[in-house]
$ cat target-v3.txt   # compact mmCIF, C-alpha atoms
# COMPACT_ATOMS: atom_id res chain seq x y z
CA MET O 6 -17.22 9.21 -1.16
CA ILE O 7 -14.48 7.92 -3.41
CA ALA O 8 -15.93 4.40 -3.29
CA ALA O 9 -19.30 5.81 -4.32
CA GLY O 10 -17.68 7.77 -7.12
CA LEU O 11 -15.83 4.71 -8.40
CA GLN O 12 -19.07 2.67 -8.35
CA VAL O 13 -20.75 5.26 -10.55
CA LEU O 14 -17.74 5.49 -12.86
CA ASP O 15 -17.75 1.70 -13.27
CA ALA O 16 -21.44 1.79 -14.20
CA LEU O 17 -20.75 4.56 -16.68
CA ALA O 18 -17.84 2.71 -18.28
CA ALA O 19 -19.96 -0.44 -18.61
CA ARG O 20 -22.83 1.54 -20.13
CA ASP O 21 -20.80 3.51 -22.65
CA GLY O 22 -18.15 0.95 -23.43
CA GLY O 23 -15.98 3.72 -24.79
CA PHE O 24 -13.54 3.87 -21.92
CA SER O 25 -12.27 1.90 -18.98
CA LEU O 26 -10.47 2.96 -15.84
CA GLU O 27 -7.42 1.38 -14.30
CA VAL O 28 -7.57 2.36 -10.63
CA ARG O 29 -4.94 2.10 -7.94
CA ALA O 30 -5.90 2.97 -4.38
CA PHE O 31 -3.51 4.56 -1.87
CA ASP O 32 -4.05 4.41 1.89
CA TRP O 33 -2.61 7.89 2.38
CA GLY O 34 -4.47 9.81 5.02
CA SER O 35 -5.11 10.30 8.70
CA GLU O 36 -5.04 6.62 9.69
CA ARG O 37 -1.65 6.27 8.06
CA TYR O 38 -0.51 9.38 9.94
CA LYS O 39 -1.60 7.86 13.24
CA ARG O 40 0.33 4.67 12.45
CA GLU O 41 3.45 6.03 10.81
CA GLY O 42 3.62 9.75 11.54
CA ALA O 43 3.17 10.80 7.91
CA LEU O 44 0.13 11.03 5.67
CA MET O 45 2.07 9.87 2.62
CA PRO O 46 5.50 8.38 1.97
CA GLY O 47 8.49 10.53 1.14
CA ASP O 48 8.39 9.52 -2.53
CA GLY O 49 4.65 10.03 -2.80
CA ILE O 50 4.89 12.67 -5.52
CA GLU O 51 7.01 10.38 -7.68
CA GLN O 52 4.53 7.52 -7.20
CA LEU O 53 1.73 9.71 -8.54
CA ARG O 54 3.60 11.18 -11.48
CA ALA O 55 2.73 8.43 -13.97
CA PHE O 56 -1.05 8.58 -13.50
CA ASP O 57 -3.48 10.37 -15.80
CA ALA O 58 -5.55 11.79 -12.93
CA ILE O 59 -6.03 11.56 -9.18
CA PHE O 60 -9.44 11.11 -7.52
CA PHE O 61 -8.92 12.50 -4.03
CA GLY O 62 -11.12 12.02 -0.98
CA ALA O 63 -11.49 14.31 2.01
CA VAL O 64 -8.64 13.99 4.49
CA GLY O 65 -8.93 14.54 8.22
CA ALA O 66 -9.82 12.81 11.45
CA PRO O 67 -10.50 13.74 15.07
CA GLY O 68 -7.20 14.09 16.85
CA VAL O 69 -5.28 15.10 13.72
CA PRO O 70 -4.88 18.90 13.53
CA ASP O 71 -6.26 20.37 10.32
CA HIS O 72 -2.98 22.02 9.38
CA ILE O 73 -1.27 18.62 9.60
CA SER O 74 -3.72 16.94 7.22
CA LEU O 75 -3.66 19.87 4.79
CA TRP O 76 0.09 20.41 4.69
CA GLY O 77 0.84 16.71 4.96
CA LEU O 78 -1.03 15.62 1.84
CA ARG O 79 -3.20 17.89 -0.29
CA LEU O 80 -0.94 20.94 -0.50
CA PRO O 81 2.28 19.00 -1.17
CA ILE O 82 0.56 17.15 -4.02
CA CYS O 83 -0.90 20.32 -5.52
CA GLN O 84 2.25 22.37 -5.16
CA GLY O 85 4.50 19.47 -6.15
CA PHE O 86 2.70 19.25 -9.48
CA ASP O 87 2.16 23.01 -9.86
CA ARG O 88 -1.61 22.67 -10.22
CA TYR O 89 -2.16 26.38 -10.19
CA ALA O 90 -5.85 26.42 -11.17
CA ASN O 91 -8.46 25.13 -8.75
CA LEU O 92 -11.71 24.94 -10.70
CA ARG O 93 -14.93 24.95 -8.67
CA PRO O 94 -18.17 24.87 -10.66
CA ILE O 95 -21.36 25.34 -8.70
CA GLY O 96 -25.01 25.39 -9.63
CA ILE O 97 -28.46 24.57 -8.32
CA LEU O 98 -29.46 21.01 -9.18
CA PRO O 99 -33.10 20.07 -9.82
CA GLY O 100 -35.08 19.08 -6.75
CA ILE O 101 -32.79 20.77 -4.24
CA GLU O 102 -34.21 23.54 -2.10
CA VAL O 103 -31.84 26.45 -1.65
CA PRO O 104 -31.78 29.21 0.98
CA LEU O 105 -32.26 32.04 -1.51
CA ALA O 106 -35.92 32.83 -2.16
CA GLY O 107 -36.93 33.01 -5.79
CA VAL O 108 -33.61 31.65 -7.08
CA GLY O 109 -33.53 28.58 -9.31
CA PRO O 110 -31.05 26.61 -11.45
CA GLY O 111 -30.77 29.26 -14.13
CA ASP O 112 -30.00 32.01 -11.65
CA LEU O 113 -26.93 30.48 -10.04
CA ASP O 114 -24.54 28.87 -12.53
CA TRP O 115 -21.01 29.85 -11.61
CA VAL O 116 -17.46 28.66 -11.99
CA ILE O 117 -15.04 29.86 -9.33
CA VAL O 118 -11.38 29.86 -10.35
CA ARG O 119 -9.12 29.70 -7.32
CA GLU O 120 -5.44 30.52 -7.61
CA ASN O 121 -3.95 27.34 -6.23
CA SER O 122 -0.20 27.69 -5.93
CA GLU O 123 0.73 30.79 -3.95
CA GLY O 124 -1.02 33.71 -2.25
CA GLU O 125 -2.10 33.21 1.33
CA TYR O 126 -1.27 29.48 1.23
CA ALA O 127 2.34 29.88 0.13
CA GLY O 128 3.52 28.61 3.51
CA MET O 129 5.71 31.64 4.18
CA GLY O 130 5.91 32.95 7.73
CA GLY O 131 6.61 31.58 11.15
CA ARG O 132 6.32 31.91 14.91
CA ALA O 133 8.72 33.29 17.46
CA HIS O 134 8.83 33.47 21.29
CA ARG O 135 6.34 30.60 21.60
CA GLY O 136 4.32 30.64 24.79
CA LEU O 137 5.58 34.02 25.89
CA PRO O 138 3.46 37.18 26.10
CA GLU O 139 5.35 38.64 23.14
CA GLU O 140 4.78 35.58 20.93
CA VAL O 141 4.51 36.50 17.24
CA GLY O 142 2.96 34.59 14.35
CA THR O 143 3.23 35.75 10.75
CA GLU O 144 1.58 34.55 7.55
CA VAL O 145 3.04 36.09 4.43
CA ALA O 146 0.88 36.11 1.31
CA VAL O 147 3.09 35.73 -1.74
CA PHE O 148 1.88 37.01 -5.13
CA THR O 149 4.11 36.81 -8.18
CA ARG O 150 3.54 38.40 -11.57
CA THR O 151 3.87 34.94 -13.12
CA GLY O 152 1.35 33.37 -10.76
CA VAL O 153 -1.21 36.15 -11.00
CA THR O 154 -0.91 36.50 -14.78
CA ARG O 155 -1.36 32.82 -15.51
CA ILE O 156 -4.44 32.39 -13.29
CA LEU O 157 -6.05 35.51 -14.73
CA ARG O 158 -5.37 34.34 -18.28
CA TYR O 159 -6.86 30.96 -17.40
CA ALA O 160 -9.96 32.64 -15.98
CA PHE O 161 -10.39 34.95 -18.98
CA ARG O 162 -10.07 31.98 -21.38
CA LEU O 163 -12.63 30.04 -19.37
CA ALA O 164 -15.04 32.96 -19.37
CA GLN O 165 -14.50 33.33 -23.11
CA ARG O 166 -15.71 29.75 -23.64
CA ARG O 167 -18.83 30.14 -21.52
CA PRO O 168 -22.05 31.46 -23.06
CA ARG O 169 -22.20 34.71 -21.07
CA LYS O 170 -18.51 35.59 -21.53
CA LEU O 171 -18.59 37.31 -18.16
CA LEU O 172 -15.80 37.42 -15.57
CA THR O 173 -15.55 38.95 -12.10
CA VAL O 174 -12.10 39.51 -10.61
CA VAL O 175 -12.14 39.48 -6.80
CA THR O 176 -9.46 41.22 -4.70
CA LYS O 177 -9.16 43.33 -1.56
CA SER O 178 -7.09 46.16 -3.00
CA ASN O 179 -8.53 48.90 -0.82
CA ALA O 180 -6.84 47.44 2.27
CA GLN O 181 -4.12 45.18 0.85
CA ARG O 182 -2.27 47.77 -1.14
CA HIS O 183 0.60 45.74 -2.56
CA GLY O 184 -0.30 42.24 -3.77
CA MET O 185 -3.96 43.01 -4.36
CA VAL O 186 -3.24 46.23 -6.24
CA MET O 187 -0.87 44.19 -8.40
CA TRP O 188 -3.77 41.79 -9.10
CA ASP O 189 -5.92 44.72 -10.25
CA GLU O 190 -3.17 46.07 -12.50
CA ILE O 191 -2.47 42.69 -14.10
CA ALA O 192 -6.19 42.13 -14.66
CA LEU O 193 -6.30 45.34 -16.70
CA GLU O 194 -3.33 44.16 -18.76
CA VAL O 195 -4.70 40.66 -19.39
CA ALA O 196 -8.17 41.95 -20.26
CA GLU O 197 -6.74 43.72 -23.32
CA ASP O 198 -6.19 40.29 -24.92
CA PHE O 199 -9.84 39.29 -24.39
CA PRO O 200 -11.96 42.09 -25.86
CA ASP O 201 -14.97 39.76 -26.19
CA VAL O 202 -15.07 39.07 -22.43
CA ARG O 203 -17.08 41.45 -20.26
CA TRP O 204 -15.43 41.77 -16.90
CA ASP O 205 -15.68 43.68 -13.66
CA LYS O 206 -13.98 43.57 -10.30
CA SER O 207 -15.26 43.31 -6.76
CA LEU O 208 -13.80 43.58 -3.30
CA VAL O 209 -14.10 40.24 -1.54
CA ASP O 210 -16.34 41.54 1.25
CA ALA O 211 -18.70 43.16 -1.24
CA MET O 212 -18.62 39.94 -3.22
CA THR O 213 -20.28 38.00 -0.41
CA LEU O 214 -23.23 40.40 -0.55
CA ARG O 215 -23.38 40.21 -4.34
CA MET O 216 -23.44 36.40 -4.31
CA VAL O 217 -26.45 36.45 -2.00
CA LYS O 218 -28.36 39.45 -3.34
CA SER O 219 -27.54 39.34 -7.07
CA PRO O 220 -26.46 35.82 -8.05
CA GLN O 221 -27.63 36.42 -11.62
CA SER O 222 -24.94 39.10 -12.03
CA LEU O 223 -22.16 36.51 -11.77
CA ASP O 224 -20.80 33.77 -14.01
CA THR O 225 -17.05 33.12 -13.94
CA ILE O 226 -15.23 34.31 -10.80
CA VAL O 227 -11.48 34.43 -10.16
CA ALA O 228 -9.85 35.12 -6.81
CA THR O 229 -6.83 34.43 -4.64
CA ASN O 230 -6.17 31.15 -2.91
CA LEU O 231 -7.82 32.20 0.35
CA HIS O 232 -10.59 34.39 -1.02
CA ALA O 233 -11.79 31.78 -3.50
CA ASP O 234 -11.61 29.07 -0.85
CA ILE O 235 -14.00 31.05 1.36
CA LEU O 236 -16.28 32.21 -1.46
CA SER O 237 -16.70 28.69 -2.82
CA ASP O 238 -17.96 27.48 0.56
CA LEU O 239 -20.55 30.25 0.48
CA ALA O 240 -21.41 29.23 -3.08
CA GLY O 241 -21.92 25.62 -1.98
CA ALA O 242 -24.25 26.73 0.80
CA LEU O 243 -26.23 28.89 -1.63
CA ALA O 244 -26.59 25.85 -3.90
CA GLY O 245 -28.02 23.84 -1.01
CA SER O 246 -25.05 22.12 0.60
CA LEU O 247 -21.29 21.68 0.44
CA GLY O 248 -22.23 18.08 -0.31
CA VAL O 249 -22.92 19.07 -3.93
CA ALA O 250 -19.73 21.10 -4.49
CA PRO O 251 -16.97 19.63 -6.69
CA SER O 252 -13.50 20.84 -7.57
CA GLY O 253 -10.56 20.05 -9.81
CA ASN O 254 -6.93 20.96 -9.13
CA ILE O 255 -5.82 21.53 -12.69
CA ASP O 256 -2.46 21.69 -14.40
CA PRO O 257 -3.64 23.52 -17.54
CA GLU O 258 -0.44 22.66 -19.39
CA ARG O 259 -0.99 18.94 -18.63
CA ARG O 260 2.58 18.38 -17.54
CA PHE O 261 1.42 16.44 -14.48
CA PRO O 262 -1.71 14.56 -13.39
CA SER O 263 -4.54 16.85 -12.28
CA MET O 264 -6.34 16.00 -9.04
CA PHE O 265 -10.11 16.05 -8.53
CA GLU O 266 -11.72 16.31 -5.10
CA PRO O 267 -15.06 17.22 -3.53
CA ILE O 268 -14.64 20.31 -1.37
CA HIS O 269 -16.88 19.29 1.52
CA GLY O 270 -14.27 18.08 4.01
CA SER O 271 -14.34 15.09 6.32
CA ALA O 272 -17.63 15.81 8.17
CA PHE O 273 -16.72 14.14 11.46
CA ASP O 274 -20.23 14.69 12.80
CA ILE O 275 -21.78 12.20 10.38
CA ALA O 276 -18.85 9.81 9.93
CA GLY O 277 -19.99 6.19 9.77
CA LYS O 278 -23.71 7.00 9.50
CA GLY O 279 -23.94 6.29 5.78
CA ILE O 280 -25.74 9.53 5.00
CA ALA O 281 -22.99 11.68 3.49
CA ASN O 282 -23.90 13.38 0.22
CA SER O 283 -22.14 11.73 -2.71
CA VAL O 284 -23.31 14.24 -5.34
CA ALA O 285 -20.11 16.28 -4.98
CA ALA O 286 -18.07 13.15 -5.65
CA PHE O 287 -20.15 12.39 -8.76
CA TRP O 288 -19.83 15.94 -10.08
CA THR O 289 -16.10 15.79 -9.34
CA ALA O 290 -15.89 12.51 -11.26
CA ALA O 291 -17.63 14.19 -14.20
CA GLN O 292 -15.03 16.97 -14.07
CA MET O 293 -12.30 14.34 -14.16
CA LEU O 294 -13.84 12.57 -17.15
CA ASP O 295 -14.17 15.85 -19.00
CA HIS O 296 -10.51 16.64 -18.30
CA LEU O 297 -9.54 13.21 -19.64
CA GLY O 298 -11.46 13.81 -22.87
CA GLU O 299 -14.46 11.62 -22.02
CA THR O 300 -16.91 14.47 -22.53
CA SER O 301 -19.91 12.32 -23.46
CA GLY O 302 -19.45 10.19 -20.35
CA ALA O 303 -19.17 13.31 -18.21
CA ALA O 304 -22.39 14.68 -19.69
CA ARG O 305 -24.24 11.38 -19.19
CA LEU O 306 -23.12 11.27 -15.57
CA MET O 307 -24.42 14.77 -14.85
CA VAL O 308 -27.76 14.00 -16.54
CA ALA O 309 -28.06 10.95 -14.28
CA VAL O 310 -27.24 13.00 -11.17
CA GLU O 311 -29.79 15.66 -12.11
CA SER O 312 -32.49 13.05 -12.73
CA VAL O 313 -31.89 11.42 -9.35
CA CYS O 314 -32.01 14.79 -7.55
CA ALA O 315 -35.16 15.76 -9.45
CA ALA O 316 -36.77 12.49 -8.33
CA GLY O 317 -36.23 13.46 -4.69
CA ILE O 318 -33.60 10.85 -3.93
CA LEU O 319 -31.57 13.08 -1.65
CA THR O 320 -29.45 12.77 1.46
CA PRO O 321 -30.48 14.59 4.69
CA ASP O 322 -28.20 17.60 4.17
CA ILE O 323 -30.40 18.66 1.23
CA GLY O 324 -33.72 17.72 2.75
CA GLY O 325 -34.00 14.05 1.82
CA LYS O 326 -34.03 10.74 3.66
CA ALA O 327 -31.87 8.61 1.38
CA THR O 328 -28.58 7.03 2.39
CA THR O 329 -25.32 7.48 0.53
CA GLN O 330 -25.68 4.00 -0.96
CA GLU O 331 -29.27 4.60 -2.07
CA VAL O 332 -28.26 7.76 -3.91
CA THR O 333 -25.29 5.97 -5.46
CA ASP O 334 -27.41 3.03 -6.60
CA ALA O 335 -30.02 5.39 -8.03
CA VAL O 336 -27.40 7.24 -10.07
CA CYS O 337 -26.06 3.93 -11.37
CA GLU O 338 -29.57 2.89 -12.39
CA ALA O 339 -30.11 6.23 -14.10
CA ILE O 340 -26.88 5.73 -16.02
CA ARG O 341 -28.10 2.32 -17.17
CA GLY O 342 -31.36 3.92 -18.29
CA SER O 343 -33.52 2.15 -15.74
CA ASN O 344 -36.30 3.65 -13.65
CA ILE O 345 -35.04 5.15 -10.41
CA GLN O 346 -36.68 4.13 -7.19
CA LEU O 347 -35.90 4.76 -3.55
CA SER O 348 -36.04 1.67 -1.36
CA GLY O 349 -37.54 1.67 2.11
$ encode --input "target-v3.txt" --output "structure tokens"
Amino acid sequence: MIAAGLQVLDALAARDGGFSLEVRAFDWGSERYKREGALMPGDGIEQLRAFDAIFFGAVGAPGVPDHISLWGLRLPICQGFDRYANLRPIGILPGIEVPLAGVGPGDLDWVIVRENSEGEYAGMGGRAHRGLPEEVGTEVAVFTRTGVTRILRYAFRLAQRRPRKLLTVVTKSNAQRHGMVMWDEIALEVAEDFPDVRWDKSLVDAMTLRMVKSPQSLDTIVATNLHADILSDLAGALAGSLGVAPSGNIDPERRFPSMFEPIHGSAFDIAGKGIANSVAAFWTAAQMLDHLGETSGAARLMVAVESVCAAGILTPDIGGKATTQEVTDAVCEAIRGSNIQLSG
């Protein structure tokens, strides 16, 4: 996916001429873990510090436990650079059939803001009495006033910039009466500084129903680390496939390089078949360009992606027959302004 994304970015840079990319590739991942026992070197964070952005591929492989790949690479990078906002836009692209009847591109246009530094993924907890009948495992969700306030302010500012100026705050404060009630209270406080933003709140379980039954009622959504992780997968499915779902791990203060990654995972079942959907990587690349100030390039890239999808050049996960390379080549041709055509 990253190779496909870089091919499209190269075509875009050649077409626009307004920017160029200096790319360095790192072999950090599951194969490195199998060879050396670590997904990245001990000074990995320092190696990344000087870059403007990170374009991150899915990490995982059969035989490598998921918690090893997550805690061995992605989470240390995100937490090491305090990228507290995980931004996940999602929408229905032209030409893609979606599971919701009567719902089209204008009806599902969301941005999910995921708190990305604490909450349920803080890493607090442990296990005791392993293997015994009384074995205990604990996961402690950590919510701080600083962490909750800054992600809510980020979400309100984002909603303020979007045409509908509409924000939904998602918690589970009926059952989780400490951290989630604190979220609700801080949302009330922060909202006072954004009188032009309409906002409401929803319990996370009710939110799943609302996303399916009333997608038009939503625009910008903010939730905890775990809740937003789950809801964004549902959002990807409602948009046709996780293969179209991008994300950016953002440091809003720009102290450190932000990291951009498709959210679809490693997809072991189709590995090596050449049919993985590269649209998420392209949309993620557009997010990265926008973050770097190349807004016209980001817009051109998304127009190219939409034109290719509208032409029916789609991978099997969204009802097409094209390969990853055919979709990538078609997007490159659309960027160059040429006619798009599916071979074979």
$ axis_aligned_box --input "target-v3.txt" --around "stretch 257-263 of chain O" --padding-each-side "8 Å" --output "AutoDock Vina command-line options"
--center_x -1.0 --center_y 19.0 --center_z -15.8 --size_x 23.1 --size_y 25.0 --size_z 23.1
$ closest_atom_pairs --input "target-v3.txt" --of "stretch 182-259 of chain O" --to "stretch 95-110 of chain O" --cutoff "7 Å" --atoms "all atoms listed in the file" --output "JSON lines"
{"residue": "O:Ala240", "atom": "CA", "partner": "O:Ile95", "partner_atom": "CA", "distance": 6.8}
{"residue": "O:Gly241", "atom": "CA", "partner": "O:Ile95", "partner_atom": "CA", "distance": 6.7}
{"residue": "O:Leu243", "atom": "CA", "partner": "O:Val103", "partner_atom": "CA", "distance": 6.1}
{"residue": "O:Ala244", "atom": "CA", "partner": "O:Ile97", "partner_atom": "CA", "distance": 5.0}
{"residue": "O:Gly245", "atom": "CA", "partner": "O:Val103", "partner_atom": "CA", "distance": 4.7}
{"residue": "O:Ala250", "atom": "CA", "partner": "O:Ile95", "partner_atom": "CA", "distance": 6.2}
$ closest_atom_pairs --input "target-v3.txt" --of "stretch 169-284 of chain O" --to "stretch 144-148 of chain O" --cutoff "9 Å" --atoms "only C-alpha atoms" --output "tab-separated table"
residue	atom	partner	partner_atom	distance
O:Gly184	CA	O:Phe148	CA	5.8
O:Met185	CA	O:Phe148	CA	8.4
O:Met187	CA	O:Phe148	CA	8.4
O:Trp188	CA	O:Phe148	CA	8.4
$ closest_residue --input "target-v3.txt" --among "O:Leu231, O:Val141, O:Leu78, O:Val336" --to "O:Ala127" --atoms "only C-alpha atoms"
O:Leu231
$ atom_distance --input "target-v3.txt" --atom1 "atom CA of O:Pro220" --atom2 "atom CA of O:Asp112"
6.3 Å
$ atom_distance --input "target-v3.txt" --atom1 "atom CA of O:Asp114" --atom2 "atom CA of O:Tyr89"
22.6 Å
$ build_atoms --input "target-v3.txt" --residues "stretch 247-281 of chain O" --atoms "N, CA and C atoms" --output "mmCIF file, in the coordinates of the input"
data_model
loop_
_atom_site.group_PDB
_atom_site.id
_atom_site.type_symbol
_atom_site.label_atom_id
_atom_site.label_comp_id
_atom_site.auth_asym_id
_atom_site.auth_seq_id
_atom_site.Cartn_x
_atom_site.Cartn_y
_atom_site.Cartn_z
ATOM 1 N N LEU O 247 -22.636 21.986 0.915
ATOM 2 C CA LEU O 247 -21.290 21.680 0.440
ATOM 3 C C LEU O 247 -21.217 20.265 -0.120
ATOM 4 N N GLY O 248 -22.195 19.450 0.197
ATOM 5 C CA GLY O 248 -22.230 18.080 -0.310
ATOM 6 C C GLY O 248 -22.481 17.983 -1.803
ATOM 7 N N VAL O 249 -22.738 19.100 -2.472
ATOM 8 C CA VAL O 249 -22.920 19.070 -3.930
ATOM 9 C C VAL O 249 -21.783 19.790 -4.646
ATOM 10 N N ALA O 250 -20.753 20.218 -3.922
ATOM 11 C CA ALA O 250 -19.730 21.100 -4.490
ATOM 12 C C ALA O 250 -18.476 20.331 -4.909
ATOM 13 N N PRO O 251 -18.160 20.336 -6.200
ATOM 14 C CA PRO O 251 -16.970 19.630 -6.690
ATOM 15 C C PRO O 251 -15.781 20.570 -6.861
ATOM 16 N N SER O 252 -14.637 20.011 -7.184
ATOM 17 C CA SER O 252 -13.500 20.840 -7.570
ATOM 18 C C SER O 252 -12.474 19.989 -8.320
ATOM 19 N N GLY O 253 -11.688 20.685 -9.129
ATOM 20 C CA GLY O 253 -10.560 20.050 -9.810
ATOM 21 C C GLY O 253 -9.323 20.908 -9.635
ATOM 22 N N ASN O 254 -8.229 20.291 -9.218
ATOM 23 C CA ASN O 254 -6.930 20.960 -9.130
ATOM 24 C C ASN O 254 -6.210 20.704 -10.452
ATOM 25 N N ILE O 255 -6.176 21.720 -11.292
ATOM 26 C CA ILE O 255 -5.820 21.530 -12.690
ATOM 27 C C ILE O 255 -4.420 22.037 -13.001
ATOM 28 N N ASP O 256 -3.672 21.227 -13.733
ATOM 29 C CA ASP O 256 -2.460 21.690 -14.400
ATOM 30 C C ASP O 256 -2.850 21.977 -15.845
ATOM 31 N N PRO O 257 -3.140 23.227 -16.194
ATOM 32 C CA PRO O 257 -3.640 23.520 -17.540
ATOM 33 C C PRO O 257 -2.689 23.092 -18.650
ATOM 34 N N GLU O 258 -1.399 23.070 -18.367
ATOM 35 C CA GLU O 258 -0.440 22.660 -19.390
ATOM 36 C C GLU O 258 -0.308 21.137 -19.504
ATOM 37 N N ARG O 259 -0.975 20.408 -18.623
ATOM 38 C CA ARG O 259 -0.990 18.940 -18.630
ATOM 39 C C ARG O 259 0.407 18.334 -18.560
ATOM 40 N N ARG O 260 1.264 18.956 -17.774
ATOM 41 C CA ARG O 260 2.580 18.380 -17.540
ATOM 42 C C ARG O 260 2.504 17.249 -16.516
ATOM 43 N N PHE O 261 1.549 17.366 -15.596
ATOM 44 C CA PHE O 261 1.420 16.440 -14.480
ATOM 45 C C PHE O 261 -0.035 16.020 -14.345
ATOM 46 N N PRO O 262 -0.306 14.961 -13.583
ATOM 47 C CA PRO O 262 -1.710 14.560 -13.390
ATOM 48 C C PRO O 262 -2.479 15.589 -12.579
ATOM 49 N N SER O 263 -3.659 15.971 -13.045
ATOM 50 C CA SER O 263 -4.540 16.850 -12.280
ATOM 51 C C SER O 263 -5.262 16.030 -11.217
ATOM 52 N N MET O 264 -5.724 16.696 -10.176
ATOM 53 C CA MET O 264 -6.340 16.000 -9.040
ATOM 54 C C MET O 264 -7.744 16.562 -8.808
ATOM 55 N N PHE O 265 -8.702 15.672 -8.630
ATOM 56 C CA PHE O 265 -10.110 16.050 -8.530
ATOM 57 C C PHE O 265 -10.638 15.625 -7.169
ATOM 58 N N GLU O 266 -11.283 16.571 -6.477
ATOM 59 C CA GLU O 266 -11.720 16.310 -5.100
ATOM 60 C C GLU O 266 -12.985 17.081 -4.773
ATOM 61 N N PRO O 267 -13.949 16.451 -4.100
ATOM 62 C CA PRO O 267 -15.060 17.220 -3.530
ATOM 63 C C PRO O 267 -14.511 18.187 -2.483
ATOM 64 N N ILE O 268 -15.195 19.314 -2.282
ATOM 65 C CA ILE O 268 -14.640 20.310 -1.370
ATOM 66 C C ILE O 268 -15.240 20.248 0.030
ATOM 67 N N HIS O 269 -16.070 19.241 0.307
ATOM 68 C CA HIS O 269 -16.880 19.290 1.520
ATOM 69 C C HIS O 269 -16.167 18.950 2.811
ATOM 70 N N GLY O 270 -14.968 18.405 2.774
ATOM 71 C CA GLY O 270 -14.270 18.080 4.010
ATOM 72 C C GLY O 270 -14.694 16.730 4.579
ATOM 73 N N SER O 271 -14.199 16.435 5.766
ATOM 74 C CA SER O 271 -14.340 15.090 6.320
ATOM 75 C C SER O 271 -15.633 14.868 7.099
ATOM 76 N N ALA O 272 -16.315 15.915 7.523
ATOM 77 C CA ALA O 272 -17.630 15.810 8.170
ATOM 78 C C ALA O 272 -17.635 14.793 9.310
ATOM 79 N N PHE O 273 -16.830 15.064 10.333
ATOM 80 C CA PHE O 273 -16.720 14.140 11.460
ATOM 81 C C PHE O 273 -18.071 13.856 12.118
ATOM 82 N N ASP O 274 -18.973 14.829 12.078
ATOM 83 C CA ASP O 274 -20.230 14.690 12.800
ATOM 84 C C ASP O 274 -21.140 13.610 12.230
ATOM 85 N N ILE O 275 -20.939 13.246 10.960
ATOM 86 C CA ILE O 275 -21.780 12.200 10.380
ATOM 87 C C ILE O 275 -20.966 10.983 9.937
ATOM 88 N N ALA O 276 -19.708 10.931 10.334
ATOM 89 C CA ALA O 276 -18.850 9.810 9.930
ATOM 90 C C ALA O 276 -19.462 8.485 10.370
ATOM 91 N N GLY O 277 -19.507 7.527 9.475
ATOM 92 C CA GLY O 277 -19.990 6.190 9.770
ATOM 93 C C GLY O 277 -21.491 6.021 9.752
ATOM 94 N N LYS O 278 -22.247 7.086 9.505
ATOM 95 C CA LYS O 278 -23.710 7.000 9.500
ATOM 96 C C LYS O 278 -24.280 6.614 8.138
ATOM 97 N N GLY O 279 -23.460 6.681 7.107
ATOM 98 C CA GLY O 279 -23.940 6.290 5.780
ATOM 99 C C GLY O 279 -24.878 7.275 5.144
ATOM 100 N N ILE O 280 -24.803 8.542 5.533
ATOM 101 C CA ILE O 280 -25.740 9.530 5.000
ATOM 102 C C ILE O 280 -25.025 10.704 4.321
ATOM 103 N N ALA O 281 -23.718 10.599 4.130
ATOM 104 C CA ALA O 281 -22.990 11.680 3.490
ATOM 105 C C ALA O 281 -23.449 11.845 2.041
#
